[in-house]
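J.: Structure provided below as structure tokens; questions to follow.
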Amino acid sequence: PAMADTANIAVAANFTKTIEEIGQVFEKQTGHQVKFAFGPTGKLYAQIKNGAPFDAFFGADEKRPLKTAEDGIGIEKSYFVYAQGQIALYSAKYPVAEHALEVLKEAKFNHLAIANPKTAPYGERAEAYLQKVGLYDGVKAKLVNGESIAHAFQYVVTNNAEIGFVALSQLVDPQSPVYQKGQYWIVPQSEYKPINQGAILTQRGANNVAATAFMEFVKTPKAIEIIQRYGYNVQ
Amino acid sequence: MLELFGTSVNLAPIWLTLEVAAITTVVLLLLGTPLAWWMAKMRSSNKVVLEALVALPLVLPPTVLGFYLLIIFNPTGPVTEFLRFFGFEGQLTFSKTGLVIGSVFYSLPFAVQPLMHAFEAIPQRLLDAASTLRASFLDRFFTIVVPLSQRGFLVAATLAFAHTVGEFGVVLMVGGNIPGQTRMVSIDIFDHVESLEYDQAHILSAMMLIFSLCVLMLVYGLNRRFGVKVG
Amino acid sequence: MLELFGTSVNLAPIWLTLEVAAITTVVLLLLGTPLAWWMAKMRSSNKVVLEALVALPLVLPPTVLGFYLLIIFNPTGPVTEFLRFFGFEGQLTFSKTGLVIGSVFYSLPFAVQPLMHAFEAIPQRLLDAASTLRASFLDRFFTIVVPLSQRGFLVAATLAFAHTVGEFGVVLMVGGNIPGQTRMVSIDIFDHVESLEYDQAHILSAMMLIFSLCVLMLVYGLNRRFGVKVG
Amino acid sequence: MAAIHVIQGHLKLLLGHFQLDSGEFELPLQGVTVLFGRSGSGKSTLLRAISGLDKQTEGLLRVNGQVWQNGKHSLPTPQRHIGFVFQDAALFPHMSVRQNLLYGLKRLPKAERKAAEADFEGIVTRVGIADKLDRGVNFLSGGERQRVAIARALLMRPKLLCMDEPLSALDWRSKSELLKLIEDVVAEYRIPMLYITHAPAEVERLADRVVFMKDGRIETIETLQEALARPDSPLFDDQGAVSVLHGQPLPSQEGLHPIRLGSDTLWLSEGADTQREQVRARILARDVSIALSDPKDLSVINHLYCEIVELVESAAPRLLVRLQMQDGQKLFAEVTTHSARRLGLQPGQKVYALIKAVSLTE
Amino acid sequence: MAAIHVIQGHLKLLLGHFQLDSGEFELPLQGVTVLFGRSGSGKSTLLRAISGLDKQTEGLLRVNGQVWQNGKHSLPTPQRHIGFVFQDAALFPHMSVRQNLLYGLKRLPKAERKAAEADFEGIVTRVGIADKLDRGVNFLSGGERQRVAIARALLMRPKLLCMDEPLSALDWRSKSELLKLIEDVVAEYRIPMLYITHAPAEVERLADRVVFMKDGRIETIETLQEALARPDSPLFDDQGAVSVLHGQPLPSQEGLHPIRLGSDTLWLSEGADTQREQVRARILARDVSIALSDPKDLSVINHLYCEIVELVESAAPRLLVRLQMQDGQKLFAEVTTHSARRLGLQPGQKVYALIKAVSLTE
Ligand SMILES: Nc1ncnc2c1ncn2[C@@H]1O[C@H](COP(=O)(O)OP(=O)(O)OP(=O)(O)O)[C@@H](O)[C@H]1O
Ligand SMILES: Nc1ncnc2c1ncn2[C@@H]1O[C@H](COP(=O)(O)OP(=O)(O)OP(=O)(O)O)[C@@H](O)[C@H]1O
Ligand SMILES: [Mg+2]
Ligand SMILES: [Mg+2]
């Protein structure tokens, strides 16, 4: 490419490894450079709103990337959903692969970890699902809220919660501490509103060749393959 | 729930925060006092190591400390097993107990350092005089050392309390953010920021700030006024 | 990149952390010294208010502090405008400048309090004697006050440094976690944990712990040994 | 078969670079024993070791038949039943005078407490702090602080009273008042006392015996008379040679206060307490002049008939003349060599020692 | 038309509950002026106000024609060219002796510095610290510390030397050595001095005039002779009345050191410095006896022919006898009323004052 450029991209923390791998391929192919800043989506939004030098914003939901467009910082027409998170029920102790609903109904466990329904889409969807299948009241007293989906996962990994709704991506990663350990059950996508993770280009990034190129690159089959490999759906 | 400037504020996290901070302060004073006394009287070079160890929580990012506490406190982990042995039931994480233990770790230097300095400043002669007046060790401690270290205790208590109130990482990691049980103010503010409810965040922050400023001013004021001069 | 126990560790955040902590410490000493001197010499009841204000960062959860710094430092905000007026270019947030300013706020009490106590302990007679030996105010300050407060400076510097190293909330909020620019060790550890790279997290934490322990021991050791006795 | 009414032992204590090693010693547990020696000779350290205030003390100590120290094992201070008065009083700054006084009382066994409480009024009045009981101790003068410290120690009815330079931080007026107080207290309550001081005047006034210390050792233990008999006594370093005469106070006449010394009478201008059986008059050698005949028209009122025992060379141009009075007591006079030659003084000669009434102190 | 060679002014300073209000005063800028008064009377406060060490000082102060204080405006201390010796020396603990001494020197203007550096050897030797220059100041005794402090102040060639109880923290031996040193320094360097002390002995030895202070005010300013002439002088509170005789030292004879007082000779056993034109002999009234005739066979060597001027009632049973010597100087003698009656003493009578050589101090 004639003009190599560097882009600063804010990315929701749960997508860290996936996007780093995509980034590497992208850099190799295009010669552009991408630098990622990770963090909780809400915090990234607050930073962008207060002038953070990000060229693009990959959120963990749709709400906050769209809100940047409302604020006049994001470019609405560049918005797209780059991945859909999948919820899985994981436990090292209970036979959730076969009997997920029975385990939830009996509720013998002490703690069921979910992400904070108020701030994290994974948590919100998990809670909604429990309500939908009528199990919410039974487990309500045992819910513990991780600040993010990663935090909920830590509760499960460290045995503090025997069972938890986590992201599929955390289970299928070969580096994951629970990779091929314990049991999990993928909650059917039909049971909950998709966890759309939206990306948007900022005004600042509009003139950044690397940023625009990267936005496009994420839509290519090569990128989609990586995203799917990490346990996300792509529309 | 409280209506303030047209925004409703949930007061439960505030009460919880005050409760945890109060318990933590008490525990810290109870544990920190003998530790500080021991360190104050130490002569050997071990004292340096101990001082450094006590100061260590200052250096660790609280989230990291919290992460390790999660690992250590897990229900099948050694600490819980150890406590089980003494009849402890339940779980350290996701409970007030866990919050308090985490906070105790985190705020340890703030309690131990002022106490140690206060103890070091007590003239040996006064303790000697009490000895000749037939006061035993504990007797001397409560009738001479404690009253003469009240400044130290005051500072230790305030700093420990303030630091626990302001604590975030450890509480977030270990607590599980269970409304009414482990959701403290700092997390609440954080959640409000995350979910774009900036008004609530501002109000809560302002309340905390004003409250803390009042407490600190009270303490520093008392400190100046009724500090007993030793001499 | 460093290979340790078969895991590769990125050293950039470590260097950045040390750099920011060092700069912060220097800035804190430069700003904290006159502030602490002024407070040490203050007689009025304003002193109490000032002491409380200086201690306030202790109480605020760092993320909350960070959030407000973010708002205040925003490129169209008053602080930046004010600095622009003096020819400042660029942006306060998401830069090393911002990290340093945030850390300075956050660690202020750790620098000011030990300095203030050290200054309060310097006998007025020594300054009077220097006056009669024709030393001007600044002359006295650098030839009498500074050498006699070296313990205070040592403690202030260590605490400020240690606290900045261990800082997380403010740095994450104000800095923006930009690799090579604002990604400090504490955030790096956090990132590793988030992305399930527990090995790296453990190694980094251990390195930080050992390094900090060494620094603290060195300082407390020095403190005992070469503390000049005033009297 | 441990001796009673004595302190005996051998104490060792290493403090940094300083080594206390008392050597074997034995002291009667009676009257006033003064520890005397240069600064840094270990007086305070020895007293602290005897009191059990230093945990690292080793050696042996038996007091009144009871073992206080045996090797590294030591009886805790609170069980030694001693009183201790520190140089700076060591009052508890957070308590009133009364609270300071009652601190020890409250810790006595019931029976003893009753008795001690009965003493309270008496001691407080005796020591002169009855009107200051409810003051904070920070509002007392140095002298008043020491009074409180002394009362506090006395109230415990200690078996041994230790005082470490109780007067040295005071001005001369408080000093002389308190010295009188201590003297009276010793006479009244008959508590054996270990007393540290740098001031020969205090030694001469209070001591029954003197423990001379040097470099962490006990050099000698002498009675006051022995200590004052040798012209090179360390007690004379400050104001030169001193004699201490013991006599019986007589009723005052014409505003003067006579004391009987055998067949002689010594006239003092300051009143000695006539209640006492015996008082001490302290006479500086340089305040004593010598006359060959009894001078008549002289304002000096004390003319004591003496025999010259010895002429001791002192710092030139002075001579120390040791005189023996009619009742056998010894008296030093300091004269210039010039005068001694002029008067032809020599041992065996009978002379008159002239002492101005006003130069006596008791 | 400001007077030179005087300090004049009127200083005010409010410290907490204490109000210094000197009143108008004027002092010659020459010789030694002692500030005397009870503890808490404001001596230190006044000296600090004169030195400009207290920023809240108000009032007026002119020294040698230069305005040091005018209302709230005050000349900063470093520009007043004074020397100050504090009670506890106030040496800089982080510096060696030499560094302490050079601290001030380095801050002198170049010309003065040259001169001061030339003095260095001399002063250091004179003060007796030449062999301790490279020690840390924490390894000095109290007396040595004060020597360094005095040298440090002298090196600055101050126009006025202020000393606030420079000797009070020292033991008697260091005290007497340093008193001699200060006396010599005053004579040698002729620096006007303001000196605070509680000890009448120091006043009598050093003072040319005395400023008596009470409750923050200057009560009176008297010459030493005036201050010693009145029998109720505050200087006599401690050891009773004192006379100070001025005389010319003569060469020593037979180990004794005579000084000439008009036609009389006073024999001292301690050597006065014969280099000096005039020396002072300090005589306690209670060391002076009175004889009606000149006694021959007495060891007392000083027999001064005097006339009784006055008999002053003192604390009974004592009388103060004011004598006039042949050269007109006044001398106090203290006798008992009993002796006075026995000898029939009355004004106008000619008597002999007997003073033991050894009881003189210079
Ligand atoms: N805690 C200690 N550690 C080390 N050295 C000590 C300690 N206490 C006293 N010393 C040393 O022991 C020596 C004797 O001290 P001590 O106080 O017994 O002397 P002293 O005879 O009472 O002197 P003074 O008349 O000055 O009170 C001194 O050299 C002192 O420096
Ligand atoms: N900084 C201060 N603040 C308030 N009061 C003070 C201060 N300094 C001195 N005083 C008071 O001023 C009074 C006079 O003190 P000053 O030191 O001048 O007395 P002094 O005559 O030097 O006494 P001493 O002989 O004891 O040294 C005392 O009552 C003292 O308590
Ligand atoms: Mg001692
Ligand atoms: Mg004073």
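Ligands are numbered from 1 in the order shown, chains are lettered A, B, ... in the order of the structure tokens, and residues start at 1 in each chain.
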Skipping near chain neighbours, those fewer than 5 positions away, what residues fall within 6 Å of stretch 88-96 of chain C using only C-alpha atoms, listed as a ChimeraX atom specification?
T.: /C:73,75,83,174-176
J.: What would the file look like if the residues just selected were written as a PDB file, in the first residue's frame with C-alpha atoms?
T.:
```pdb
ATOM      1  CA  PHE C  73      -9.467  17.417  31.420  1.00  0.00           C
ATOM      2  CA  PRO C  75     -10.093  18.876  25.414  1.00  0.00           C
ATOM      3  CA  LEU C  83      -3.482  25.694  29.541  1.00  0.00           C
ATOM      4  CA  VAL C 174      -7.593   8.996  32.198  1.00  0.00           C
ATOM      5  CA  GLY C 175      -4.972   7.118  30.248  1.00  0.00           C
ATOM      6  CA  GLY C 176      -7.075   5.043  27.930  1.00  0.00           C
TER       7      GLY C 176
END
```
J.: Mind listing as number ranges by chain which residues of chain B are within 9 Å of chain C, counting only C-alpha atoms?
T.: B: 45, 47-53, 55-64, 67, 159, 161-169, 186-187, 189-190, 193, 201, 205, 208-209, 212-221, 224
J.: Counting only C-alpha atoms, figure out which residue out of C:Gln150, C:Thr97, C:Asn177, C:Thr76 gets nearest to C:Thr24.
T.: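 Of the candidates, the smallest distance to C:Thr24 is held by C:Thr97.
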J.: Write out as a ChimeraX atom specification all residues of chain C that DSSP puts in strand (DSSP E) for this structure's backbone.
T.: /C:2-4,7-9
J.: Any chance you could export the current selection's N, CA, C and O atoms as a tab-separated table (two decimals), in the first residue's frame?
T.:
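Ended up saving to again-v2.tsv:
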```tsv
chain	number	residue	atom	x	y	z
C	2	LEU	N	10.15	-10.65	26.85
C	2	LEU	CA	11.04	-11.44	27.69
C	2	LEU	C	10.42	-12.82	27.84
C	2	LEU	O	9.22	-12.95	28.04
C	3	GLU	N	11.25	-13.83	27.72
C	3	GLU	CA	10.74	-15.19	27.93
C	3	GLU	C	10.97	-15.60	29.38
C	3	GLU	O	12.09	-15.55	29.87
C	4	LEU	N	9.92	-15.96	30.07
C	4	LEU	CA	10.06	-16.33	31.47
C	4	LEU	C	9.18	-17.55	31.71
C	4	LEU	O	7.97	-17.51	31.47
C	7	THR	N	6.77	-18.35	29.12
C	7	THR	CA	5.70	-17.41	28.78
C	7	THR	C	6.36	-16.11	28.37
C	7	THR	O	7.31	-15.67	29.01
C	8	SER	N	5.86	-15.51	27.30
C	8	SER	CA	6.52	-14.27	26.91
C	8	SER	C	5.82	-13.09	27.57
C	8	SER	O	4.61	-13.01	27.64
C	9	VAL	N	6.67	-12.23	28.12
C	9	VAL	CA	6.16	-11.09	28.86
C	9	VAL	C	6.57	-9.82	28.14
C	9	VAL	O	7.73	-9.64	27.79
```
J.: Determine the nearest neighbour of chain B from the options A:Asp61, A:Asp5, A:Glu225, A:Glu147, counting only C-alpha atoms.
T.: A:Glu147
J.: If the cut-off is 8 Å, can you tell me the residues of chain D near chain B, counting only C-alpha atoms? I'd like them as an mmCIF file with all heavy atoms, in the first residue's frame.
T.:
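Listing of part-v1.cif after writing:
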```cif
data_model
loop_
_atom_site.group_PDB
_atom_site.id
_atom_site.type_symbol
_atom_site.label_atom_id
_atom_site.label_comp_id
_atom_site.auth_asym_id
_atom_site.auth_seq_id
_atom_site.Cartn_x
_atom_site.Cartn_y
_atom_site.Cartn_z
ATOM 1 N N LEU D 53 13.829 -3.101 85.616
ATOM 2 C CA LEU D 53 13.249 -2.391 84.477
ATOM 3 C C LEU D 53 13.926 -2.756 83.168
ATOM 4 O O LEU D 53 13.421 -2.445 82.102
ATOM 5 C CB LEU D 53 13.332 -0.884 84.711
ATOM 6 C CG LEU D 53 12.416 -0.363 85.818
ATOM 7 C CD1 LEU D 53 12.651 1.105 86.085
ATOM 8 C CD2 LEU D 53 10.956 -0.599 85.445
ATOM 9 N N THR D 77 8.996 -6.382 87.720
ATOM 10 C CA THR D 77 9.024 -5.169 88.531
ATOM 11 C C THR D 77 7.780 -4.989 89.416
ATOM 12 O O THR D 77 7.920 -4.652 90.597
ATOM 13 C CB THR D 77 9.205 -3.943 87.620
ATOM 14 O OG1 THR D 77 10.361 -4.150 86.826
ATOM 15 C CG2 THR D 77 9.363 -2.677 88.430
ATOM 16 N N PRO D 78 6.577 -5.204 88.863
ATOM 17 C CA PRO D 78 5.408 -4.951 89.713
ATOM 18 C C PRO D 78 5.391 -5.803 90.984
ATOM 19 O O PRO D 78 4.723 -5.468 91.946
ATOM 20 C CB PRO D 78 4.225 -5.317 88.812
ATOM 21 C CG PRO D 78 4.729 -5.154 87.433
ATOM 22 C CD PRO D 78 6.179 -5.529 87.489
ATOM 23 N N GLN D 79 6.139 -6.907 90.989
ATOM 24 C CA GLN D 79 6.132 -7.753 92.179
ATOM 25 C C GLN D 79 7.302 -7.455 93.119
ATOM 26 O O GLN D 79 7.521 -8.176 94.091
ATOM 27 C CB GLN D 79 6.156 -9.222 91.759
ATOM 28 C CG GLN D 79 4.850 -9.639 91.078
ATOM 29 C CD GLN D 79 4.992 -10.929 90.302
ATOM 30 O OE1 GLN D 79 5.671 -11.846 90.729
ATOM 31 N NE2 GLN D 79 4.359 -10.975 89.141
ATOM 32 N N ARG D 80 8.089 -6.436 92.806
ATOM 33 C CA ARG D 80 9.245 -6.158 93.656
ATOM 34 C C ARG D 80 8.917 -5.189 94.778
ATOM 35 O O ARG D 80 9.715 -4.954 95.666
ATOM 36 C CB ARG D 80 10.398 -5.595 92.809
ATOM 37 C CG ARG D 80 10.908 -6.616 91.814
ATOM 38 C CD ARG D 80 12.208 -6.190 91.168
ATOM 39 N NE ARG D 80 12.608 -7.222 90.201
ATOM 40 C CZ ARG D 80 13.810 -7.335 89.679
ATOM 41 N NH1 ARG D 80 14.757 -6.470 90.002
ATOM 42 N NH2 ARG D 80 14.093 -8.289 88.827
ATOM 43 N N HIS D 81 7.753 -4.564 94.675
ATOM 44 C CA HIS D 81 7.312 -3.633 95.714
ATOM 45 C C HIS D 81 8.332 -2.527 95.965
ATOM 46 O O HIS D 81 8.748 -2.284 97.086
ATOM 47 C CB HIS D 81 7.015 -4.383 97.019
ATOM 48 C CG HIS D 81 5.976 -5.433 96.827
ATOM 49 N ND1 HIS D 81 5.453 -6.163 97.848
ATOM 50 C CD2 HIS D 81 5.363 -5.875 95.705
ATOM 51 C CE1 HIS D 81 4.578 -7.020 97.367
ATOM 52 N NE2 HIS D 81 4.504 -6.866 96.069
ATOM 53 N N ILE D 82 8.738 -1.915 94.862
ATOM 54 C CA ILE D 82 9.654 -0.793 94.994
ATOM 55 C C ILE D 82 8.945 0.481 94.580
ATOM 56 O O ILE D 82 7.891 0.442 93.938
ATOM 57 C CB ILE D 82 10.894 -0.950 94.098
ATOM 58 C CG1 ILE D 82 10.449 -1.109 92.646
ATOM 59 C CG2 ILE D 82 11.731 -2.135 94.531
ATOM 60 C CD1 ILE D 82 11.577 -1.049 91.668
ATOM 61 N N GLY D 83 9.495 1.600 94.978
ATOM 62 C CA GLY D 83 9.026 2.877 94.475
ATOM 63 C C GLY D 83 10.140 3.472 93.627
ATOM 64 O O GLY D 83 11.315 3.195 93.883
ATOM 65 N N PHE D 84 9.788 4.247 92.619
ATOM 66 C CA PHE D 84 10.830 4.797 91.759
ATOM 67 C C PHE D 84 10.472 6.238 91.446
ATOM 68 O O PHE D 84 9.358 6.530 91.027
ATOM 69 C CB PHE D 84 10.929 3.978 90.467
ATOM 70 C CG PHE D 84 12.299 3.991 89.841
ATOM 71 C CD1 PHE D 84 13.051 2.827 89.716
ATOM 72 C CD2 PHE D 84 12.852 5.180 89.380
ATOM 73 C CE1 PHE D 84 14.324 2.839 89.149
ATOM 74 C CE2 PHE D 84 14.121 5.193 88.818
ATOM 75 C CZ PHE D 84 14.854 4.022 88.709
ATOM 76 N N VAL D 85 11.410 7.144 91.685
ATOM 77 C CA VAL D 85 11.191 8.539 91.318
ATOM 78 C C VAL D 85 12.205 8.889 90.237
ATOM 79 O O VAL D 85 13.407 8.782 90.453
ATOM 80 C CB VAL D 85 11.347 9.474 92.528
ATOM 81 C CG1 VAL D 85 11.156 10.925 92.100
ATOM 82 C CG2 VAL D 85 10.350 9.103 93.610
ATOM 83 N N PHE D 86 11.710 9.262 89.068
ATOM 84 C CA PHE D 86 12.591 9.536 87.932
ATOM 85 C C PHE D 86 12.988 11.006 87.899
ATOM 86 O O PHE D 86 12.315 11.853 88.482
ATOM 87 C CB PHE D 86 11.878 9.190 86.621
ATOM 88 C CG PHE D 86 11.565 7.729 86.481
ATOM 89 C CD1 PHE D 86 10.430 7.180 87.046
ATOM 90 C CD2 PHE D 86 12.422 6.894 85.787
ATOM 91 C CE1 PHE D 86 10.140 5.838 86.919
ATOM 92 C CE2 PHE D 86 12.149 5.545 85.653
ATOM 93 C CZ PHE D 86 11.000 5.011 86.226
ATOM 94 N N ALA D 90 8.178 11.663 85.458
ATOM 95 C CA ALA D 90 7.441 10.612 84.748
ATOM 96 C C ALA D 90 6.003 10.505 85.217
ATOM 97 O O ALA D 90 5.485 9.420 85.430
ATOM 98 C CB ALA D 90 8.154 9.254 84.864
ATOM 99 N N LEU D 91 5.366 11.657 85.371
ATOM 100 C CA LEU D 91 3.933 11.627 85.670
ATOM 101 C C LEU D 91 3.167 11.278 84.401
ATOM 102 O O LEU D 91 3.628 11.555 83.299
ATOM 103 C CB LEU D 91 3.480 12.999 86.186
ATOM 104 C CG LEU D 91 4.200 13.490 87.435
ATOM 105 C CD1 LEU D 91 3.595 14.810 87.894
ATOM 106 C CD2 LEU D 91 4.131 12.457 88.552
ATOM 107 N N PHE D 92 2.006 10.673 84.576
ATOM 108 C CA PHE D 92 1.198 10.322 83.411
ATOM 109 C C PHE D 92 0.485 11.575 82.922
ATOM 110 O O PHE D 92 -0.344 12.136 83.629
ATOM 111 C CB PHE D 92 0.210 9.220 83.776
ATOM 112 C CG PHE D 92 0.879 8.013 84.364
ATOM 113 C CD1 PHE D 92 0.427 7.437 85.528
ATOM 114 C CD2 PHE D 92 1.997 7.451 83.743
ATOM 115 C CE1 PHE D 92 1.064 6.327 86.074
ATOM 116 C CE2 PHE D 92 2.631 6.347 84.281
ATOM 117 C CZ PHE D 92 2.161 5.787 85.451
ATOM 118 N N PRO D 93 0.804 12.014 81.714
ATOM 119 C CA PRO D 93 0.322 13.332 81.281
ATOM 120 C C PRO D 93 -1.177 13.395 81.045
ATOM 121 O O PRO D 93 -1.735 14.468 80.961
ATOM 122 C CB PRO D 93 1.084 13.572 79.972
ATOM 123 C CG PRO D 93 1.497 12.234 79.504
ATOM 124 C CD PRO D 93 1.638 11.366 80.713
ATOM 125 N N HIS D 94 -1.812 12.234 80.902
ATOM 126 C CA HIS D 94 -3.240 12.254 80.611
ATOM 127 C C HIS D 94 -4.086 12.125 81.877
ATOM 128 O O HIS D 94 -5.280 11.887 81.803
ATOM 129 C CB HIS D 94 -3.583 11.144 79.637
ATOM 130 C CG HIS D 94 -3.146 9.776 80.103
ATOM 131 N ND1 HIS D 94 -1.843 9.492 80.434
ATOM 132 C CD2 HIS D 94 -3.828 8.640 80.302
ATOM 133 C CE1 HIS D 94 -1.758 8.228 80.803
ATOM 134 N NE2 HIS D 94 -2.945 7.691 80.736
ATOM 135 N N TYR D 103 -3.145 5.843 90.917
ATOM 136 C CA TYR D 103 -2.846 4.797 89.930
ATOM 137 C C TYR D 103 -2.272 3.547 90.598
ATOM 138 O O TYR D 103 -2.724 2.431 90.360
ATOM 139 C CB TYR D 103 -1.867 5.329 88.888
ATOM 140 C CG TYR D 103 -1.610 4.370 87.739
ATOM 141 C CD1 TYR D 103 -2.412 4.402 86.617
ATOM 142 C CD2 TYR D 103 -0.583 3.442 87.780
ATOM 143 C CE1 TYR D 103 -2.209 3.532 85.567
ATOM 144 C CE2 TYR D 103 -0.362 2.563 86.731
ATOM 145 C CZ TYR D 103 -1.172 2.617 85.628
ATOM 146 O OH TYR D 103 -0.966 1.743 84.586
ATOM 147 N N GLY D 104 -1.268 3.773 91.421
ATOM 148 C CA GLY D 104 -0.645 2.629 92.078
ATOM 149 C C GLY D 104 -1.530 2.042 93.176
ATOM 150 O O GLY D 104 -1.662 0.825 93.307
ATOM 151 N N LEU D 105 -2.168 2.924 93.935
ATOM 152 C CA LEU D 105 -3.021 2.471 95.040
ATOM 153 C C LEU D 105 -4.029 1.426 94.592
ATOM 154 O O LEU D 105 -4.217 0.401 95.237
ATOM 155 C CB LEU D 105 -3.803 3.658 95.602
ATOM 156 C CG LEU D 105 -3.147 4.509 96.665
ATOM 157 C CD1 LEU D 105 -4.198 5.300 97.407
ATOM 158 C CD2 LEU D 105 -2.398 3.607 97.630
ATOM 159 N N ARG D 107 -3.914 -0.665 92.502
ATOM 160 C CA ARG D 107 -3.343 -1.949 92.127
ATOM 161 C C ARG D 107 -2.769 -2.716 93.313
ATOM 162 O O ARG D 107 -2.166 -3.771 93.132
ATOM 163 C CB ARG D 107 -2.286 -1.729 91.041
ATOM 164 C CG ARG D 107 -2.931 -1.435 89.694
ATOM 165 C CD ARG D 107 -2.091 -0.705 88.724
ATOM 166 N NE ARG D 107 -2.808 -0.518 87.469
ATOM 167 C CZ ARG D 107 -3.663 0.473 87.219
ATOM 168 N NH1 ARG D 107 -3.897 1.388 88.137
ATOM 169 N NH2 ARG D 107 -4.284 0.548 86.052
ATOM 170 N N LEU D 108 -2.951 -2.163 94.498
ATOM 171 C CA LEU D 108 -2.476 -2.873 95.689
ATOM 172 C C LEU D 108 -3.493 -3.928 96.106
ATOM 173 O O LEU D 108 -4.684 -3.791 95.831
ATOM 174 C CB LEU D 108 -2.315 -1.871 96.842
ATOM 175 C CG LEU D 108 -1.144 -0.898 96.742
ATOM 176 C CD1 LEU D 108 -1.187 0.095 97.894
ATOM 177 C CD2 LEU D 108 0.169 -1.661 96.763
ATOM 178 N N ALA D 153 5.145 7.565 94.828
ATOM 179 C CA ALA D 153 5.971 6.417 95.214
ATOM 180 C C ALA D 153 5.751 6.055 96.685
ATOM 181 O O ALA D 153 5.626 4.881 97.034
ATOM 182 C CB ALA D 153 7.441 6.732 94.957
ATOM 183 N N MET D 156 2.736 3.862 97.828
ATOM 184 C CA MET D 156 2.776 2.426 97.571
ATOM 185 C C MET D 156 3.403 1.681 98.743
ATOM 186 O O MET D 156 3.515 0.471 98.702
ATOM 187 C CB MET D 156 3.589 2.129 96.311
ATOM 188 C CG MET D 156 3.054 2.733 95.027
ATOM 189 S SD MET D 156 1.427 2.120 94.660
ATOM 190 C CE MET D 156 1.812 0.467 94.132
#
```
J.: Please identify every polymer residue within 9 Å of ligand 2, using only C-alpha atoms and all ligand atoms, and present the set as a PyMOL selection string.
T.: chain E and resi 14-20+35-48+164-165+196-198+213-216
J.: Can you tell me how far atom CA of D:Gln69 sits from atom CA of D:Leu161, in Å to one decimal?
T.: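 Atom CA of D:Leu161 lies 17.9 Å from atom CA of D:Gln69.
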J.: Just the number, please: distance in Å from atom CA of D:Gln66 to atom CA of D:Ser51, one decimal.
T.: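 Pair atom CA of D:Gln66 / atom CA of D:Ser51 returns 13.5 Å.
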J.: Give me the residues within 12 Å of B:Val26 as an NGL selection string, counting only C-alpha atoms and dropping any in the same chain fewer than 2 places off.
T.: :B and (19-24 or 28-33 or 100-101 or 103-104 or 107-108 or 111 or 153-154 or 156-158 or 160-161 or 164)
J.: Residues of chain C near chain A: apply a cut-off of 6 Å, count only C-alpha atoms, and supply the list as a list in words.
T.: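 Therefore, the residues near the partner are Asn74, Asn177, Ile178, Glu194 and Leu196 of chain C.
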J.: Could you take the residues named above and write them with N, CA, C and O atoms, as an mmCIF file, in the first residue's frame?
T.:
```cif
data_model
loop_
_atom_site.group_PDB
_atom_site.id
_atom_site.type_symbol
_atom_site.label_atom_id
_atom_site.label_comp_id
_atom_site.auth_asym_id
_atom_site.auth_seq_id
_atom_site.Cartn_x
_atom_site.Cartn_y
_atom_site.Cartn_z
ATOM 1 N N ASN C 74 -11.154 17.204 29.730
ATOM 2 C CA ASN C 74 -11.623 17.025 28.356
ATOM 3 C C ASN C 74 -11.162 18.182 27.478
ATOM 4 O O ASN C 74 -11.059 19.316 27.923
ATOM 5 N N ASN C 177 -5.451 3.230 28.220
ATOM 6 C CA ASN C 177 -4.923 1.901 27.912
ATOM 7 C C ASN C 177 -4.379 1.808 26.501
ATOM 8 O O ASN C 177 -4.669 0.863 25.760
ATOM 9 N N ILE C 178 -3.655 2.804 26.059
ATOM 10 C CA ILE C 178 -3.092 2.755 24.714
ATOM 11 C C ILE C 178 -1.700 2.135 24.776
ATOM 12 O O ILE C 178 -0.825 2.649 25.467
ATOM 13 N N GLU C 194 -8.339 -10.529 31.953
ATOM 14 C CA GLU C 194 -9.562 -10.449 31.150
ATOM 15 C C GLU C 194 -9.498 -11.410 29.969
ATOM 16 O O GLU C 194 -10.480 -12.053 29.626
ATOM 17 N N LEU C 196 -7.850 -14.072 29.728
ATOM 18 C CA LEU C 196 -7.570 -15.442 30.171
ATOM 19 C C LEU C 196 -6.105 -15.832 30.123
ATOM 20 O O LEU C 196 -5.770 -17.003 30.185
#
```
